[in-house]
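*Asks:* Quick one: this structure, given as C-alpha cells, is what I'll be asking you about.
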Amino acid sequence: MFQYTMRRLLIAIPTLLIISLVIFLLLEAAPGDPLGEVPLTVPPEVKAKMRTALGLDASWYIRYFLWLKQMFWIEPMHLWDTLFGTHMADDMQRVISFQSRQPVMDIIAQRMPQTLIVVGSAYVIGVLIAVPIGILSAYRQYSWFDNLGTFISMIGFSVPTFFTGVVLIVIFAVKLQWFPMVYDTTLQVTDWASFTKQLKQMVMPVTVLSLFNAAQISRFMRSSMLDNLGQDYVRTARAKGLTERVVVLIHVLRNSLIPVVTVIALGVPSIFGGAIITEQVFKVNGLGQQLILAIHANDLPMVMTLTFIFAVLIVLFNLIADLLYGILDPRIRYD
Amino acid sequence: MFDGGKRPLVEVEGLKMYFPITAGLFRAKVGDVKAVDDVTFTIYEGETLGLVGESGCGKSTCGRAILRLYEPTAGSVTIDGEDVLAAPPSELRAMRPKMQMVFQDPQASLNPRMTVAGIIGEPLDEHTTLTKPQKLARIYELMDKVGLNRDFANRYPHEFSGGQRQRIGIARALALNPRFIVCDEPIAALDVSIQAQVVNLLEELQDSLGLTYLFISHDLSMVRHIADRVAVMYLGRIVELATRDALYEAPLHPYTQALLSAVPEPDPNAESTRQRIILKGDVPSPANPPKGCNFCTRCPKVMDLCRSVEPEFREVAPGHFTACHLHNQTAG
C-alpha cells in the first residue's frame, strides 16, 4: 500500500507539470489583454512600461518557468517563513495578481474559509441526506418513496443551480423575506445573534448546492444498494436468521458503500471549484467567484494558480479514492 | 434407505410459488409465473430426498420457498412439527437454526467483506449466547469438521478455491446444529474432481450428525449416488416421486423415462445400445402452462385425455407416486 501510494505520488509529479503547461498555453492562446481595461487616455509608452512591469514582454516559456519557480520554490519558502517566523523568502518575487497587485496565495487564503463553510457544508449535508434516501429507495424499490426520490433527484440533476438559486432568492428573500439575498462575508460570528445571522445567510446557497449533490449521490447509493440486494450472499444472510436491520445495514450497506465512498471522495475537489456559479448567484466571496473575477480581468497568474490548485486536488482525491477502495474492499490489493 | 417406519421431518403440502408479471404504465398485474405449482411431498428424518429436473423447472425456487426465503403464494410447510409459512418474522428467525441451506454459487453466496470466521460465527452471535472464546472454539470445530485449515479463519472468501468456498458454506450452514438442510445444487459450480469430495463430505456429515437433506440437482448420476428417494420436477410440478432404486430401475412417468435415457453409460458397449428418448420442442413458459397435463405438449405417449384433464399425483405402487393418466388405471 505504501509503495503503491509512493508510486502514484511520483507519477503525479510529471502529470501535474504537464497539466500546468497545458493550462499556461491555453491561457496564452486565449484572447484578451491584461491591460485591456486601462483607459485609452494613458499614453502608449506608459502602457509599454506597465507591460514590462508585469513581466508581459518576456517570451511565454520564460514566464512559464518563472511561474514554476515562484509556485514551487518561493511560495513554499514563504509558507515556511510565515509558519516558523524565519526570513528566507523575504525579498523574493511571489506570484502576484495583476488585478490587485497582492500575492495570489494571500487572496486564496482569505477566500478559502468562505468556500469551505458554504460549499463544504453543502457537500456534507448533501451526502448525509443522499445516503439514507438511497438506502430506502433501493430497499423499497418502486414504492411511492422511491418514485418521489427519483423525481426530486431528476430535478436536482436537470435544473441548473443558477436557476434554483434565483428561484429560492425570489421566494424566500424577496417575497417572504426570511433570508438575506446576499451572503455577507464580513459578518463575524461573535455571539448567538451573529451566529443565527450566519446560519440564515447560509441556508439558501447550502440548500441549492446540497440538492444538487444529494441528487447525484442518492442515485449512486440506490443503484449500488440494488446491485447488492440481489446478490446471493444477502439470501445467505437471511437464511442465517439475521434480523432485516442487520441484513440491510451490515451486509448490504457495507458492500454498497464501497463504490459510493469513492464517488464521494472524487467529488471533494468540486467543493473548491465546482460551486463557481452558486457563489456568483449568492455573492459568496469564495474561490469560485474569485476565479470568475480573475477570468473577466485577464488576471493570468490568478487564473493559472487557481486552476492548477484544482488540478492538484483532483489528482490527489483520485489517489485517495483508489486507496479507500483498497481499504474497504478486501478483494483489492495494491502491491 | 427409505424406511416406512421413520418419522416425517418435513411435510410440504400444496406449495405454490407464483411470481407476478407486471406490465404497462401502472405496473398492473397481468399474470403469474408459476415457478412452483402445487407441490406436495414428505421428507423423513435422516433421509436424503433428491429433487431433479431440467433448468428452470422450479427446483431451486421450491427449495427456497420451503425455507421461506421467498414468501410462497399458497400451501403449508411443516418442519419438525412447526409451521414455517405461518410464522411471523420473529418466530421464523427463531426457527432458522433448525433449517439451513447450502447454496449453489459458493462465490456469490459469501459476503466478500467478511472473513471466514465472521461468516461462520455470525449465526452464533444472532442465535446463541456463547462467549467469545466459546464461539471461536465452535468456529474451529466446524472448520475441522468440513476439512478447512484453522489458519484460514481470518481470510476472505476470494482467497479460496471453489471447493474450499463450498466447505465454508457448509460450515456456515452447520453452525447452529440444523436438522434439515436444503442443498441447492451445491456441486453444480464445482469441478468434477471437487464434486466428489463435497458430496462425500455431505454424506459423512449426514451420518455423523443425523442430518436430513433435500438435495436439488440436475446431475442424475450424483442424485442416484446420494439420494434415498428421488422426486422429478417438470414445469413447477412433481411428476414422479419414488425410492431411488424404483425410480432409476423402473421409471413410470414418460418424462422421467426420457430424462433417465439421457444419462450416459460408462460402459461403451452399453452406451452404444442405449436408446435415447428425444423430446420434441421446448419447455412451455411457466407463465402460460398448457391445459391438462403440463407435459402433454412434448409427451411421446400423449393421449386426448392429457390435453384436457390434469392428472392427479397419486400413489400407484407402495411409496411410488406419479402424476400421469397412463398409470391411473393401474392404481384403480
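Here, A, B, ... name the chains of the C-alpha cells in the order displayed, residue numbers run from 1 inside each chain, and ligands are numbered from 1 in the same displayed order.
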For Ser261 in chain B, find every residue with an atom within 7 Å (counting only C-alpha atoms), except residues of its own chain fewer than 6 positions away, and show them as a PyMOL selection string.

*Replies:* chain B and resi 275-277

*Asks:* How close does each residue of chain B get to chain A, giving the shortest atom pair and distance in Å to one decimal for every residue with an atom at most 6 Å away, counting only C-alpha atoms, sorted by chain and residue number, as JSON lines?

*Replies:*
{"residue": "B:Arg93", "atom": "CA", "partner": "A:Gly241", "partner_atom": "CA", "distance": 4.6}
{"residue": "B:Arg96", "atom": "CA", "partner": "A:Gly241", "partner_atom": "CA", "distance": 5.2}
{"residue": "B:Ala108", "atom": "CA", "partner": "A:Asp232", "partner_atom": "CA", "distance": 5.3}
{"residue": "B:Ser109", "atom": "CA", "partner": "A:Tyr233", "partner_atom": "CA", "distance": 3.8}
{"residue": "B:Leu110", "atom": "CA", "partner": "A:Tyr233", "partner_atom": "CA", "distance": 4.9}
{"residue": "B:Asn111", "atom": "CA", "partner": "A:Tyr233", "partner_atom": "CA", "distance": 5.3}
{"residue": "B:Pro123", "atom": "CA", "partner": "A:Lys240", "partner_atom": "CA", "distance": 5.6}

*Asks:* Could you tell me how far CA of Glu45 in chain B sits from CA of Thr78 in chain B, in Å to one decimal place?

*Replies:*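 That distance, rounded to one decimal, is 12.8 Å.
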
*Asks:* Give the answer as one residue: which of B:Phe152, B:Ile226, B:Thr115, B:Asp32 has the shortest atom-to-atom distance to Asn200 in chain B, using only C-alpha atoms?

*Replies:*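 The shortest atom-to-atom distance to Asn200 in chain B comes from B:Ile226.
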
*Asks:* Could you give me, as an MDAnalysis selection string, each residue of range 231-294 of chain B that DSSP assigns to helix (DSSP H, G or I) when run on this structure's backbone?

*Replies:* chainID B and resid 244:249 254:261 268:273
